[in-house]
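Have a look at the structure below before the remarks.
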Protein chains: 2
Amino acid sequence: MAVWLSTTAEDFDARFKDLLATKRESSADVNDAVAKIIDQVRREGDKALIALSKRFDRVDLGEKGLRVTEDEIAAARAECDEATLDALKLAHDRIAEHHARQRPEDDRYTDDLGVELGSRWTAVESAGLYVPGGTASYPSSVLMNAVPGKVAGVERIVMVVPTPDGALNPLVLAAAELAGVSEIYRVGGAQAVAALAYGTETIAPVVKIVGPGNAYVAAAKRQVFGVVGIDMVAGPSEVVVIADSENDPAWLAADLLAQAEHDTAAQSILITDDEAFAKNVADAVDRQLKDLPRKETAEASWNEFGAIILVKHLDEAPALADRLAPEHLEIATADPEALSDRIRNAGAIFLGRYTPEVIGDYVGGSNHVLPTARSARFASGLGVLDFMKRTSLLKLDSDALAKLGPAAVTLAQAEGLAAHGYSVSIRTNAGGGR
Amino acid sequence: MAVWLSTTAEDFDARFKDLLATKRESSADVNDAVAKIIDQVRREGDKALIALSKRFDRVDLGEKGLRVTEDEIAAARAECDEATLDALKLAHDRIAEHHARQRPEDDRYTDDLGVELGSRWTAVESAGLYVPGGTASYPSSVLMNAVPGKVAGVERIVMVVPTPDGALNPLVLAAAELAGVSEIYRVGGAQAVAALAYGTETIAPVVKIVGPGNAYVAAAKRQVFGVVGIDMVAGPSEVVVIADSENDPAWLAADLLAQAEHDTAAQSILITDDEAFAKNVADAVDRQLKDLPRKETAEASWNEFGAIILVKHLDEAPALADRLAPEHLEIATADPEALSDRIRNAGAIFLGRYTPEVIGDYVGGSNHVLPTARSARFASGLGVLDFMKRTSLLKLDSDALAKLGPAAVTLAQAEGLAAHGYSVSIRTNAGGGR
């Protein structure tokens, strides 16, 4: 049973703060183990990858080869169900189309002093994409992580995926092929992150690493950060649903459970202004739970982290949602835009009664890699900009330098940086220069 | 004396790789000390800030007060030289004008299936700006860190600055006032970062922390990352100068030294195609060093990390620059654009003989907070986007859901997420719904 809070209760503030402060992840300290693995990969290269895969995934990559071959990819594709491939293709095309709109424009202009300024965007040379193995090996995540890089113009996209006991989801390979992944290696864990960051005999290093993973992968990404760029470190998923009483309770119960089935640490929160309706949603959750294949996971999540927040008026909801800063926010009301306009902190907002969050997971076109654990206060979902970087351009001629130089010299002197001042004055004092 | 490399030498590749691999920072392990300080601030709030400032800065903030008052700011401004204030004002206005062009545009559109998609940018609610104390307390850095936040629309910008022995650079306060900083606290070190992240009785927490600092500040930023957003962790500064022999050697020597005077760990590299010219630049460096107030620092940097790379033709320079991925790149040739167009990795490029990098430090308008230590391969300079985040919007009506829903259900089933599928099918199977 989820917790119930009511904004009219005297202890609401304290209980809401508790909700905000809930830690949903056990932060096992794997840093030392990960540091050793990274070190081993740096020293021994492929040999380390083979040894560690034998140990952790029980596969002999010395025999199978590190790289997944073209033939294997073709065979995997042939194994996939046609309807699923079509759905993947639809998802791919919609993600590509939406993300193409995120491509930044270069800027170049000359200001009134004759100074030329510019901002130039370029794609990173290469990107590594981590894909988890086993049950969390999702083809949709392959698309969501690879397509923005492709749209950005990254030439080389390298996928790594562990194959525990040799198993590799054929849909993951099919999705990688669709997305235009350049190379695929069957290696996972911290050792895969180390290989992407530092390179081995077989795997050339990349400059940016993205994609979800377990605690070892997350720790490895943090440790190689600086050597390469990384995306955010994702935590367990969460949804906040703001709903009036005009909804079908079963629809919203399904949405809350879609989130809860991801992970026992996932979090589903309903905000509504009608107690009877809230009760109906809670009952519908209990009913739907019974038949759910992932009942245990969803039930654990709902019981431990689920919450129902009763407000006097839905006007109160945006401020609460902003403090929760959820990864996903559904607004199931007659005029969802009115509430949405008042929200600052959310990874993605799903507007209206016919926009279940799951559409965004797969085929909406927007990215499903979104800021978790209240980081929507300062972070965005994965996008094209994560695979690009901006170079500033500055160009002065002798006239412009004559106008702007003296102020630079003044500030350099004020900061006690004489050589700074001199690098300007030697040019402006030189007259025409040479 | 800087090292000399020549692309025609047999050992060039090995020596260039050594240059790339040079570690310029001693990475003292301050993590444990920093973790203790953060913990103390979380437990004791203001009391910890006062105790730690007494210990590290030798000031009694219990007496002076944590917050810098309006009166103190006015007094500081009155103390500043008028010409310097004018130069600061010019810098401020140019930075604001350039950064205003970085404001992203929202996107909202309906696609051919009737699905509404959008990207909405919002500013972070609040930002903390760390400013170092002592000799590295630069007013220009206050502008460079605060103005992009202001332009982004951040309502609350909180500055922290240590006051060792009570000293506080009046220009830093004047710059903060100019930039529209909301609150200033005289506290520094890891304790200031902890206060910004977690809040104390006096300092309300912020959601993003930016600004340079020493090893303790950098470690504290890394440790609070996740609780708040952080900008990049900056390393020592660097410049690469690509120059033909038509330059005045003394001008380029001045540029190399402007970088070197920052820090003994700074790095200045000249790439040229003319050995005699290179020799002249090196001689000019030695001559100019003699009279430099920060001679010791600049000399140590140049001797230990400076480099001159001789190429057969300047055509080779872009590939080398890309591998160095410098924070600053000067191109002092007749046609700098031709080379610039071939560069992918650089924080900022300064084009032509009349654009010393120092212009970008102060009054060019672009930001001087730029990616160091080869991180220009994947990172950008500080900008407006660092103070904003993007929320995805998705809105379907029943028709659009009927068209798009089945593919989502197919993918949910393929991924074994039944509740995901159900949250869509319960709506599409309901006919008109309610």
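Residues in the structure tokens are numbered from 1 in each chain, the chains being A, B, ... in the order shown, and ligands are numbered from 1 in the order shown.
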Proximity of segment 234-299 of chain A to segment 3-21 of chain A: per-residue shortest pair, 12 Å limit, only C-alpha atoms, as CSV:
residue,atom,partner,partner_atom,distance
A:Gln267,CA,A:Leu19,CA,10.5
A:Ser268,CA,A:Val3,CA,10.7
A:Ile269,CA,A:Val3,CA,9.3
A:Leu270,CA,A:Trp4,CA,9.6
A:Ile271,CA,A:Leu5,CA,9.4
A:Thr272,CA,A:Ser6,CA,9.8
A:Asp273,CA,A:Ser6,CA,9.4
A:Asp274,CA,A:Ser6,CA,10.7
A:Glu275,CA,A:Ser6,CA,9.5
A:Ala278,CA,A:Trp4,CA,9.6
A:Lys279,CA,A:Trp4,CA,10.1
A:Ala282,CA,A:Trp4,CA,10.3
Put those residues in a file: all heavy atoms, as an mmCIF file, in the first residue's frame.
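File produced: out_15.cif:
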data_model
loop_
_atom_site.group_PDB
_atom_site.id
_atom_site.type_symbol
_atom_site.label_atom_id
_atom_site.label_comp_id
_atom_site.auth_asym_id
_atom_site.auth_seq_id
_atom_site.Cartn_x
_atom_site.Cartn_y
_atom_site.Cartn_z
ATOM 1 N N GLN A 267 9.337 4.697 -8.510
ATOM 2 C CA GLN A 267 8.392 5.430 -7.668
ATOM 3 C C GLN A 267 7.238 5.975 -8.498
ATOM 4 O O GLN A 267 7.449 6.599 -9.533
ATOM 5 C CB GLN A 267 9.099 6.590 -6.968
ATOM 6 C CG GLN A 267 8.181 7.373 -6.026
ATOM 7 C CD GLN A 267 8.948 8.317 -5.120
ATOM 8 O OE1 GLN A 267 9.781 9.075 -5.601
ATOM 9 N NE2 GLN A 267 8.693 8.258 -3.828
ATOM 10 N N SER A 268 6.003 5.730 -8.010
ATOM 11 C CA SER A 268 4.799 6.233 -8.669
ATOM 12 C C SER A 268 4.009 7.065 -7.670
ATOM 13 O O SER A 268 3.723 6.594 -6.567
ATOM 14 C CB SER A 268 3.938 5.064 -9.163
ATOM 15 O OG SER A 268 4.697 4.213 -9.993
ATOM 16 N N ILE A 269 3.677 8.279 -8.070
ATOM 17 C CA ILE A 269 2.975 9.193 -7.164
ATOM 18 C C ILE A 269 1.748 9.755 -7.874
ATOM 19 O O ILE A 269 1.835 10.220 -9.014
ATOM 20 C CB ILE A 269 3.907 10.356 -6.742
ATOM 21 C CG1 ILE A 269 5.099 9.810 -5.948
ATOM 22 C CG2 ILE A 269 3.136 11.390 -5.904
ATOM 23 C CD1 ILE A 269 6.130 10.867 -5.559
ATOM 24 N N LEU A 270 0.614 9.702 -7.206
ATOM 25 C CA LEU A 270 -0.611 10.302 -7.731
ATOM 26 C C LEU A 270 -0.925 11.559 -6.941
ATOM 27 O O LEU A 270 -0.904 11.543 -5.712
ATOM 28 C CB LEU A 270 -1.782 9.309 -7.599
ATOM 29 C CG LEU A 270 -3.180 9.870 -7.940
ATOM 30 C CD1 LEU A 270 -3.316 10.152 -9.436
ATOM 31 C CD2 LEU A 270 -4.290 8.905 -7.482
ATOM 32 N N ILE A 271 -1.196 12.655 -7.633
ATOM 33 C CA ILE A 271 -1.675 13.880 -6.980
ATOM 34 C C ILE A 271 -3.090 14.142 -7.492
ATOM 35 O O ILE A 271 -3.299 14.277 -8.707
ATOM 36 C CB ILE A 271 -0.772 15.098 -7.307
ATOM 37 C CG1 ILE A 271 0.677 14.829 -6.871
ATOM 38 C CG2 ILE A 271 -1.300 16.363 -6.630
ATOM 39 C CD1 ILE A 271 1.646 15.989 -7.161
ATOM 40 N N THR A 272 -4.046 14.198 -6.592
ATOM 41 C CA THR A 272 -5.417 14.454 -7.017
ATOM 42 C C THR A 272 -6.160 15.244 -5.946
ATOM 43 O O THR A 272 -5.702 15.344 -4.805
ATOM 44 C CB THR A 272 -6.164 13.141 -7.344
ATOM 45 O OG1 THR A 272 -7.458 13.444 -7.864
ATOM 46 C CG2 THR A 272 -6.312 12.263 -6.096
ATOM 47 N N ASP A 273 -7.311 15.796 -6.347
ATOM 48 C CA ASP A 273 -8.071 16.641 -5.414
ATOM 49 C C ASP A 273 -9.334 15.937 -4.907
ATOM 50 O O ASP A 273 -10.194 16.570 -4.291
ATOM 51 C CB ASP A 273 -8.441 17.965 -6.086
ATOM 52 C CG ASP A 273 -9.237 17.751 -7.365
ATOM 53 O OD1 ASP A 273 -9.399 16.582 -7.792
ATOM 54 O OD2 ASP A 273 -9.716 18.743 -7.942
ATOM 55 N N ASP A 274 -9.453 14.628 -5.183
ATOM 56 C CA ASP A 274 -10.697 13.931 -4.850
ATOM 57 C C ASP A 274 -10.362 12.631 -4.124
ATOM 58 O O ASP A 274 -9.792 11.704 -4.702
ATOM 59 C CB ASP A 274 -11.457 13.658 -6.157
ATOM 60 C CG ASP A 274 -12.822 13.036 -5.902
ATOM 61 O OD1 ASP A 274 -12.901 12.073 -5.100
ATOM 62 O OD2 ASP A 274 -13.796 13.518 -6.507
ATOM 63 N N GLU A 275 -10.747 12.560 -2.864
ATOM 64 C CA GLU A 275 -10.345 11.413 -2.037
ATOM 65 C C GLU A 275 -10.981 10.110 -2.521
ATOM 66 O O GLU A 275 -10.320 9.067 -2.561
ATOM 67 C CB GLU A 275 -10.706 11.664 -0.572
ATOM 68 C CG GLU A 275 -10.157 10.587 0.335
ATOM 69 C CD GLU A 275 -10.180 10.974 1.816
ATOM 70 O OE1 GLU A 275 -10.630 12.102 2.120
ATOM 71 O OE2 GLU A 275 -9.751 10.164 2.634
ATOM 72 N N ALA A 278 -9.165 8.985 -5.547
ATOM 73 C CA ALA A 278 -7.855 8.452 -5.159
ATOM 74 C C ALA A 278 -7.994 7.019 -4.657
ATOM 75 O O ALA A 278 -7.192 6.134 -4.984
ATOM 76 C CB ALA A 278 -7.223 9.336 -4.081
ATOM 77 N N LYS A 279 -9.040 6.818 -3.859
ATOM 78 C CA LYS A 279 -9.295 5.474 -3.314
ATOM 79 C C LYS A 279 -9.576 4.483 -4.458
ATOM 80 O O LYS A 279 -9.067 3.360 -4.457
ATOM 81 C CB LYS A 279 -10.482 5.581 -2.345
ATOM 82 C CG LYS A 279 -10.932 4.337 -1.667
ATOM 83 C CD LYS A 279 -10.688 4.372 -0.152
ATOM 84 C CE LYS A 279 -10.757 2.970 0.462
ATOM 85 N NZ LYS A 279 -10.598 1.843 -0.446
ATOM 86 N N ALA A 282 -6.336 3.587 -6.122
ATOM 87 C CA ALA A 282 -5.583 2.650 -5.278
ATOM 88 C C ALA A 282 -6.171 1.240 -5.383
ATOM 89 O O ALA A 282 -5.438 0.244 -5.465
ATOM 90 C CB ALA A 282 -5.583 3.134 -3.826
#
Pull the strand (DSSP E) assignments for segment 195-347 of chain B out of DSSP run on the backbone, and list those residues as a PyMOL selection string. chain B and resi 208-210+229-230+238-243+267-272+307-310+328-332
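All residues of protein, DNA or RNA that reach within 8 Å of segment 163-177 of chain B, judged by only C-alpha atoms and not counting those fewer than 3 positions away in the chain, are B:Phe56, B:Asp57, B:Arg58, B:Val59, B:Ile73, B:Ala76, B:Arg77, B:Glu79, B:Cys80, B:Leu85, B:Leu88, B:Gly133, B:Gly134, B:Ser137, B:Tyr138, B:Pro139, B:Ser140, B:Val142, B:Leu143, B:Ala146, B:Met159, B:Gly180, B:Val181, B:Arg186, B:Val187, B:Gly188.
Among the candidate residues B:Val124, B:Leu329, B:Ile242, B:Ala220, the one lying nearest to chain A is B:Val124, with distances computed using only C-alpha atoms.
The shortest atom-to-atom distance to chain A, with only C-alpha atoms taken into account, belongs to B:Ala91 out of B:Ala276, B:Val210, B:Ala91, B:Ala321.
Candidate residues B:Ala254, B:Val115, B:Val311, B:Val239 were compared for distance to chain A, and the nearest is B:Ala254, using only C-alpha atoms.
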Contacts of Ala338 of chain B at 12 Å or less, counting only C-alpha atoms, minus same-chain residues fewer than 2 places along, as a PDB file with N, CA and C atoms, in the first residue's frame?
ATOM      1  N   LEU B 314      51.820  23.936 -42.503  1.00  0.00           N
ATOM      2  CA  LEU B 314      50.771  24.260 -41.534  1.00  0.00           C
ATOM      3  C   LEU B 314      49.497  23.443 -41.747  1.00  0.00           C
ATOM      4  N   ASP B 315      49.383  22.831 -42.917  1.00  0.00           N
ATOM      5  CA  ASP B 315      48.285  21.893 -43.172  1.00  0.00           C
ATOM      6  C   ASP B 315      48.223  20.763 -42.140  1.00  0.00           C
ATOM      7  N   ALA B 317      48.737  21.164 -39.039  1.00  0.00           N
ATOM      8  CA  ALA B 317      48.405  21.699 -37.710  1.00  0.00           C
ATOM      9  C   ALA B 317      47.008  21.336 -37.209  1.00  0.00           C
ATOM     10  N   PRO B 318      45.956  21.412 -38.052  1.00  0.00           N
ATOM     11  CA  PRO B 318      44.623  21.115 -37.513  1.00  0.00           C
ATOM     12  C   PRO B 318      44.513  19.733 -36.876  1.00  0.00           C
ATOM     13  N   ILE B 331      45.058  31.155 -34.070  1.00  0.00           N
ATOM     14  CA  ILE B 331      45.545  30.872 -35.427  1.00  0.00           C
ATOM     15  C   ILE B 331      46.016  32.183 -36.037  1.00  0.00           C
ATOM     16  N   ALA B 332      47.321  32.366 -36.041  1.00  0.00           N
ATOM     17  CA  ALA B 332      47.911  33.608 -36.531  1.00  0.00           C
ATOM     18  C   ALA B 332      48.534  33.360 -37.896  1.00  0.00           C
ATOM     19  N   THR B 333      47.678  33.330 -38.897  1.00  0.00           N
ATOM     20  CA  THR B 333      48.120  33.109 -40.275  1.00  0.00           C
ATOM     21  C   THR B 333      47.352  34.086 -41.170  1.00  0.00           C
ATOM     22  N   ALA B 334      47.716  34.102 -42.447  1.00  0.00           N
ATOM     23  CA  ALA B 334      47.061  35.031 -43.366  1.00  0.00           C
ATOM     24  C   ALA B 334      45.597  34.644 -43.587  1.00  0.00           C
ATOM     25  N   ASP B 335      45.324  33.347 -43.630  1.00  0.00           N
ATOM     26  CA  ASP B 335      43.955  32.887 -43.840  1.00  0.00           C
ATOM     27  C   ASP B 335      43.548  31.946 -42.688  1.00  0.00           C
ATOM     28  N   PRO B 336      43.297  32.519 -41.513  1.00  0.00           N
ATOM     29  CA  PRO B 336      43.029  31.665 -40.344  1.00  0.00           C
ATOM     30  C   PRO B 336      41.761  30.827 -40.481  1.00  0.00           C
ATOM     31  N   SER B 340      40.895  27.043 -39.352  1.00  0.00           N
ATOM     32  CA  SER B 340      39.830  26.928 -38.338  1.00  0.00           C
ATOM     33  C   SER B 340      38.726  25.977 -38.788  1.00  0.00           C
ATOM     34  N   ASP B 341      38.384  26.050 -40.068  1.00  0.00           N
ATOM     35  CA  ASP B 341      37.318  25.190 -40.583  1.00  0.00           C
ATOM     36  C   ASP B 341      37.656  23.701 -40.449  1.00  0.00           C
ATOM     37  N   ARG B 342      38.936  23.427 -40.304  1.00  0.00           N
ATOM     38  CA  ARG B 342      39.346  22.024 -40.212  1.00  0.00           C
ATOM     39  C   ARG B 342      39.556  21.564 -38.766  1.00  0.00           C
ATOM     40  N   ILE B 343      39.218  22.427 -37.800  1.00  0.00           N
ATOM     41  CA  ILE B 343      39.397  22.083 -36.382  1.00  0.00           C
ATOM     42  C   ILE B 343      38.077  21.608 -35.800  1.00  0.00           C
ATOM     43  N   LEU B 351      41.106  34.123 -34.076  1.00  0.00           N
ATOM     44  CA  LEU B 351      41.462  34.116 -35.492  1.00  0.00           C
ATOM     45  C   LEU B 351      42.256  35.347 -35.897  1.00  0.00           C
ATOM     46  N   GLY B 352      43.416  35.123 -36.481  1.00  0.00           N
ATOM     47  CA  GLY B 352      44.172  36.217 -37.069  1.00  0.00           C
ATOM     48  C   GLY B 352      45.200  36.820 -36.120  1.00  0.00           C
TER      49      GLY B 352
END
Could you check the closest approach to chain A for each of B:Val147, B:Ala136, B:Leu324, B:Val161 and tell me which residue wins, using only C-alpha atoms? B:Ala136
Compare B:Asn31, B:Asn303, B:Ser398, B:Thr428 by their minimum atom-to-atom distance to chain A, counting only C-alpha atoms, and give me the closest one. B:Ser398
Extract, using only C-alpha atoms, all DNA, RNA and protein residues at most 10 Å from Asp286 of chain B, discarding same-chain residues fewer than 2 positions from it, and format them as an MDAnalysis selection string. chainID B and resid 1 253 257 280:284 288:291 299 302
Quick one: DSSP alpha helix (DSSP H) residues in segment 125-273 of chain B, as a VMD selection string? chain B and resid 139 to 152 170 to 179 189 to 198 215 to 224 249 to 260
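From atom CA of Phe225 of chain A back to atom CA of Ser237 of chain B, the distance works out to 18.7 Å.
Comparing the minimum interatomic distances between chain A and each of B:Ala87, B:Ala219, B:Val206, B:Leu178, counting only C-alpha atoms, we find that B:Ala87 sits nearest.
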